[in-house]
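Next comes protein-v6.txt, a file with compact mmCIF, C-alpha atoms and all ligand atoms.
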```
# COMPACT_ATOMS: atom_id res chain seq x y z
CA MET Q 1 21.22 14.59 -2.35
CA ARG Q 2 17.65 15.79 -1.79
CA HIS Q 3 16.94 13.83 1.42
CA PRO Q 4 19.09 13.59 4.51
CA VAL Q 5 20.61 10.09 4.80
CA THR Q 6 19.03 9.62 8.20
CA ARG Q 7 15.55 9.19 6.74
CA THR Q 8 14.06 5.73 7.11
CA PRO Q 9 13.98 3.85 3.78
CA VAL Q 10 10.49 2.78 2.70
CA ALA Q 11 9.56 0.59 -0.28
CA VAL Q 12 6.06 0.70 -1.79
CA LEU Q 13 4.23 -2.07 -3.65
CA ILE Q 14 1.41 -1.10 -6.02
CA SER Q 15 -0.87 -2.56 -8.69
CA GLY Q 16 -2.97 0.44 -9.69
CA THR Q 17 -3.14 4.18 -10.15
CA GLY Q 18 -1.01 4.89 -7.11
CA SER Q 19 -2.93 7.73 -5.45
CA ASN Q 20 -1.68 6.47 -2.09
CA LEU Q 21 1.87 6.28 -3.41
CA ALA Q 22 1.52 9.87 -4.67
CA ALA Q 23 0.38 10.97 -1.20
CA LEU Q 24 3.39 9.24 0.38
CA LEU Q 25 5.71 10.94 -2.11
CA ARG Q 26 4.12 14.37 -1.51
CA ALA Q 27 4.53 13.99 2.25
CA ALA Q 28 8.16 12.95 1.76
CA GLN Q 29 8.86 16.40 0.32
CA ASP Q 30 8.39 17.90 3.79
CA GLN Q 31 11.60 18.92 5.50
CA ASP Q 32 10.70 17.03 8.67
CA CYS Q 33 9.43 13.85 7.01
CA PRO Q 34 11.04 10.84 8.75
CA TYR Q 35 11.01 8.54 5.69
CA THR Q 36 12.13 8.46 2.10
CA VAL Q 37 10.69 6.22 -0.63
CA VAL Q 38 13.66 4.23 -1.96
CA GLY Q 39 11.78 2.25 -4.59
CA VAL Q 40 8.42 1.11 -5.93
CA ILE Q 41 7.64 -2.41 -7.12
CA ALA Q 42 4.53 -3.42 -9.06
CA ASP Q 43 3.17 -6.78 -10.18
CA ARG Q 44 2.04 -5.28 -13.52
CA ASP Q 45 2.55 -2.17 -15.65
CA ALA Q 46 0.69 -0.08 -13.10
CA SER Q 47 0.08 3.53 -14.14
CA GLY Q 48 0.99 4.57 -10.60
CA LEU Q 49 4.65 3.79 -11.32
CA GLU Q 50 4.76 7.15 -13.12
CA HIS Q 51 4.55 8.97 -9.77
CA ALA Q 52 7.86 7.37 -8.79
CA ARG Q 53 9.50 7.72 -12.22
CA ALA Q 54 8.66 11.44 -12.23
CA GLU Q 55 10.84 11.80 -9.13
CA GLY Q 56 13.62 9.56 -10.35
CA ILE Q 57 12.78 6.88 -7.79
CA PRO Q 58 13.71 3.33 -8.89
CA THR Q 59 10.81 1.17 -10.08
CA GLU Q 60 10.59 -2.50 -10.95
CA VAL Q 61 7.81 -4.69 -12.36
CA VAL Q 62 7.78 -8.28 -11.13
CA ARG Q 63 5.06 -10.09 -13.09
CA LEU Q 64 3.59 -13.38 -11.93
CA GLY Q 65 3.31 -14.44 -15.60
CA ASP Q 66 7.07 -14.10 -16.09
CA HIS Q 67 7.70 -16.86 -13.55
CA PRO Q 68 7.06 -20.60 -13.72
CA ASP Q 69 4.88 -20.66 -10.61
CA ARG Q 70 3.76 -18.69 -7.61
CA PRO Q 71 6.66 -19.69 -5.30
CA ALA Q 72 9.15 -18.54 -7.97
CA TRP Q 73 7.35 -15.20 -8.22
CA ASP Q 74 7.35 -14.89 -4.42
CA GLN Q 75 11.12 -15.42 -4.44
CA ALA Q 76 11.61 -12.87 -7.25
CA LEU Q 77 9.55 -10.31 -5.33
CA ALA Q 78 11.64 -10.89 -2.21
CA ARG Q 79 14.86 -10.51 -4.24
CA ALA Q 80 13.65 -7.23 -5.76
CA MET Q 81 12.79 -6.02 -2.26
CA ALA Q 82 16.19 -7.06 -0.90
CA ARG Q 83 17.84 -4.86 -3.55
CA LEU Q 84 15.96 -1.86 -2.11
CA ASP Q 85 16.76 -2.87 1.48
CA PRO Q 86 13.88 -0.94 3.12
CA GLN Q 87 13.07 -0.68 6.82
CA LEU Q 88 9.34 -0.65 6.06
CA VAL Q 89 7.33 -2.14 3.19
CA VAL Q 90 4.03 -0.45 2.31
CA LEU Q 91 1.37 -2.23 0.26
CA ALA Q 92 -0.53 0.68 -1.32
CA GLY Q 93 -3.11 -0.93 -3.57
CA PHE Q 94 -1.06 -4.08 -4.17
CA MET Q 95 -3.61 -6.64 -5.31
CA LYS Q 96 -1.71 -9.84 -4.52
CA LEU Q 97 -1.03 -11.67 -1.30
CA VAL Q 98 2.61 -11.53 -0.29
CA GLY Q 99 4.18 -14.96 0.13
CA PRO Q 100 6.44 -16.54 2.75
CA PRO Q 101 9.79 -15.21 1.42
CA LEU Q 102 8.75 -11.56 1.85
CA LEU Q 103 6.99 -12.26 5.15
CA GLU Q 104 10.07 -14.03 6.50
CA ALA Q 105 12.41 -11.23 5.46
CA TYR Q 106 10.22 -8.30 6.61
CA GLY Q 107 7.92 -9.86 9.23
CA GLY Q 108 6.24 -7.16 11.31
CA ARG Q 109 7.56 -4.47 8.94
CA ILE Q 110 4.98 -4.82 6.15
CA ILE Q 111 1.79 -2.78 6.24
CA ASN Q 112 -1.25 -2.70 3.98
CA THR Q 113 -4.03 -0.23 3.38
CA HIS Q 114 -7.48 -1.68 2.79
CA PRO Q 115 -10.63 0.19 1.68
CA ALA Q 116 -13.03 -1.09 4.37
CA LEU Q 117 -13.32 -1.25 8.14
CA LEU Q 118 -11.69 -4.60 8.89
CA PRO Q 119 -12.48 -7.23 9.99
CA SER Q 120 -15.50 -6.49 7.75
CA PHE Q 121 -15.07 -6.91 3.99
CA PRO Q 122 -11.53 -8.26 3.59
CA GLY Q 123 -10.16 -9.28 0.18
CA ALA Q 124 -9.96 -7.74 -3.26
CA HIS Q 125 -13.42 -6.11 -3.32
CA GLY Q 126 -13.76 -4.31 -0.01
CA VAL Q 127 -15.67 -1.34 -1.44
CA ARG Q 128 -18.03 -3.41 -3.62
CA ASP Q 129 -18.75 -5.89 -0.82
CA ALA Q 130 -19.55 -3.14 1.71
CA LEU Q 131 -21.88 -1.45 -0.76
CA ALA Q 132 -23.61 -4.73 -1.61
CA HIS Q 133 -24.11 -5.48 2.09
CA GLY Q 134 -25.85 -2.14 2.57
CA VAL Q 135 -23.69 -0.79 5.39
CA LYS Q 136 -24.20 2.91 6.14
CA VAL Q 137 -20.63 3.48 7.28
CA THR Q 138 -17.50 1.92 5.85
CA GLY Q 139 -13.97 3.30 5.69
CA VAL Q 140 -10.32 2.44 5.53
CA SER Q 141 -7.97 0.31 7.62
CA VAL Q 142 -4.21 0.31 7.76
CA ILE Q 143 -2.98 -3.02 9.07
CA GLU Q 144 0.14 -5.06 9.68
CA VAL Q 145 0.47 -7.80 7.07
CA ASP Q 146 0.50 -11.41 8.22
CA ALA Q 147 -0.01 -14.68 6.34
CA GLY Q 148 -3.81 -14.27 6.21
CA VAL Q 149 -6.05 -12.18 3.98
CA ASP Q 150 -6.34 -8.80 5.75
CA THR Q 151 -6.14 -10.46 9.17
CA GLY Q 152 -3.15 -8.56 10.61
CA ARG Q 153 -3.15 -6.20 13.56
CA ILE Q 154 -5.10 -3.01 12.90
CA LEU Q 155 -2.88 0.08 13.14
CA ALA Q 156 -5.38 2.81 12.21
CA GLN Q 157 -8.87 3.22 10.81
CA ALA Q 158 -11.06 6.06 9.53
CA PRO Q 159 -14.80 5.93 8.85
CA VAL Q 160 -16.50 7.04 5.64
CA GLU Q 161 -20.26 7.49 5.34
CA VAL Q 162 -22.03 5.56 2.56
CA LEU Q 163 -24.50 7.74 0.63
CA ASP Q 164 -27.72 6.39 -0.92
CA THR Q 165 -26.49 7.63 -4.29
CA ASP Q 166 -23.06 5.96 -4.06
CA THR Q 167 -21.62 3.74 -6.76
CA GLU Q 168 -18.55 1.61 -6.09
CA GLU Q 169 -16.50 4.28 -7.86
CA SER Q 170 -17.86 7.30 -5.99
CA LEU Q 171 -17.55 5.55 -2.64
CA HIS Q 172 -14.00 4.41 -3.39
CA GLU Q 173 -13.04 7.96 -4.34
CA ARG Q 174 -14.24 9.26 -0.94
CA ILE Q 175 -12.51 6.38 0.82
CA LYS Q 176 -9.26 7.27 -0.96
CA ARG Q 177 -9.55 10.86 0.30
CA ALA Q 178 -9.66 9.50 3.86
CA GLU Q 179 -7.11 6.80 3.11
CA GLN Q 180 -4.25 8.94 1.85
CA PRO Q 181 -3.72 11.07 4.99
CA LEU Q 182 -4.30 8.05 7.24
CA LEU Q 183 -1.64 5.99 5.45
CA VAL Q 184 0.82 8.89 5.47
CA ASP Q 185 0.23 9.34 9.22
CA VAL Q 186 0.91 5.67 9.96
CA VAL Q 187 4.03 5.56 7.79
CA ARG Q 188 5.34 8.73 9.42
CA ARG Q 189 4.65 7.30 12.89
CA LEU Q 190 6.30 3.94 12.18
CA THR Q 191 9.36 5.41 10.49
CA ALA Q 192 9.89 8.12 13.11
CA ALA Q 193 10.07 5.39 15.73
CA SER Q 194 12.42 3.08 13.79
C1 LIG Q 201 -6.74 1.66 -2.41
O1 LIG Q 201 -8.01 2.18 -2.09
C2 LIG Q 201 -6.40 0.48 -1.52
O2 LIG Q 201 -6.99 0.54 -0.26
C3 LIG Q 201 -6.96 -0.66 -2.32
O3 LIG Q 201 -6.66 -0.35 -3.64
C4 LIG Q 201 -6.73 1.07 -3.82
C5 LIG Q 201 -5.53 1.50 -4.61
O4 LIG Q 201 -5.64 2.83 -4.96
N1 LIG Q 201 -6.39 -1.91 -1.89
C6 LIG Q 201 -7.08 -3.03 -1.81
O5 LIG Q 201 -8.24 -3.14 -2.17
C7 LIG Q 201 -6.30 -4.20 -1.25
N2 LIG Q 201 -7.17 -5.28 -0.92
P1 LIG Q 201 -4.41 3.67 -5.51
O6 LIG Q 201 -3.74 2.80 -6.58
O7 LIG Q 201 -5.02 4.90 -6.10
O8 LIG Q 201 -3.49 3.96 -4.35
```
If you convert what's in this file into structure tokens, what do you get?
Ligand code: GAR
Amino acid sequence: MRHPVTRTPVAVLISGTGSNLAALLRAAQDQDCPYTVVGVIADRDASGLEHARAEGIPTEVVRLGDHPDRPAWDQALARAMARLDPQLVVLAGFMKLVGPPLLEAYGGRIINTHPALLPSFPGAHGVRDALAHGVKVTGVSVIEVDAGVDTGRILAQAPVEVLDTDTEESLHERIKRAEQPLLVDVVRRLTAAS
């Protein structure tokens, strides 16, 4: 086995390209890394799943459209998570709110990374909203997930300067460069303590 069994099991939820997932997987290669990624779940055929598949890490897609309604999807997501049995759940670009079943099972052990300095610009368009508002500094927040939209306790933040020439894409790219090490730091800290 590649990882010692004493490493804390972490599950990652994604919807997109998975650059944050890739950073978590890279860090997990370190000898002294306190966590191991035991599985990745997506709500769609996210290209980021390839990062996990390339390492032989189990992946699962739980699509909202494959379920009769939102509560049924919430239950399916919680069941998929239970199969992985993680100590910590990391939302790394997961573009859906997690429902009561997951919150009840993993309350206080779910974290999310968000591309803005919360409590400013919560929701699905943190980068676009900050740019539209004209802020000169934005950034990234890693938070605990609660029942609200990006309202949980803030665990870590890093600032990113907004340039006059920025587009949503260029700004998001710079935010991701700050986001990846910040998220890895928080996950390392939380799993070392667990
Ligand atoms: C990340 O920047 C993350 O903060 C953001 O999606 C991006 C995913 O990138 N999440 C949200 O906007 C959640 N509201 P990635 O797929 O390359 O990791």
Distance CA of Ile14 (chain Q)-CA of Thr165 (chain Q), one decimal place?
->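 Interatomic distance here is 29.3 Å.
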Neighbour list for region 71-88 of chain Q as a list of chain:residue names, cut-off 6 Å, only C-alpha atoms, skip fewer than 5 positions in-chain | Q:Pro9, Q:Val10, Q:Ala11, Q:Leu64, Q:Gly99, Q:Pro101, Q:Leu102, Q:Arg109
Taking only C-alpha atoms and all ligand atoms into account, report as a PyMOL selection string which residues have an atom no farther than 10 Å from an atom of ligand LIG 201 (chain Q).
-> chain Q and resi 13-24+46-49+91-97+112-116+121-128+139-142+149-150+172-180+183
Once you add 3 Å to each side, what are the centre and edge lengths of the axis-aligned box holding all listed atoms of region 23-28 of chain Q? One decimal in Å, as lines of an AutoDock Vina configuration file, if you can.
```
center_x = 4.3
center_y = 11.8
center_z = 0.1
size_x = 13.8
size_y = 11.1
size_z = 10.4
```
Using only C-alpha atoms, the shortest atom-to-atom distance to Gly134 (chain Q) among Q:Val61, Q:Ala28, Q:Leu163, Q:Cys33 belongs to Q:Leu163
Do you know which residues are at most 6 Å from Arg63 (chain Q) counting all atoms listed in the file, after dropping those on the same chain fewer than 3 positions away, and could you put them as a PDB file with C-alpha atoms, in the frame of the given file?
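Contents of the output file out_6.pdb:
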```
ATOM      1  CA  ASP Q  43       3.170  -6.780 -10.180  1.00  0.00           C
ATOM      2  CA  ARG Q  44       2.040  -5.280 -13.520  1.00  0.00           C
ATOM      3  CA  ASP Q  66       7.070 -14.100 -16.090  1.00  0.00           C
TER       4      ASP Q  66
END
```
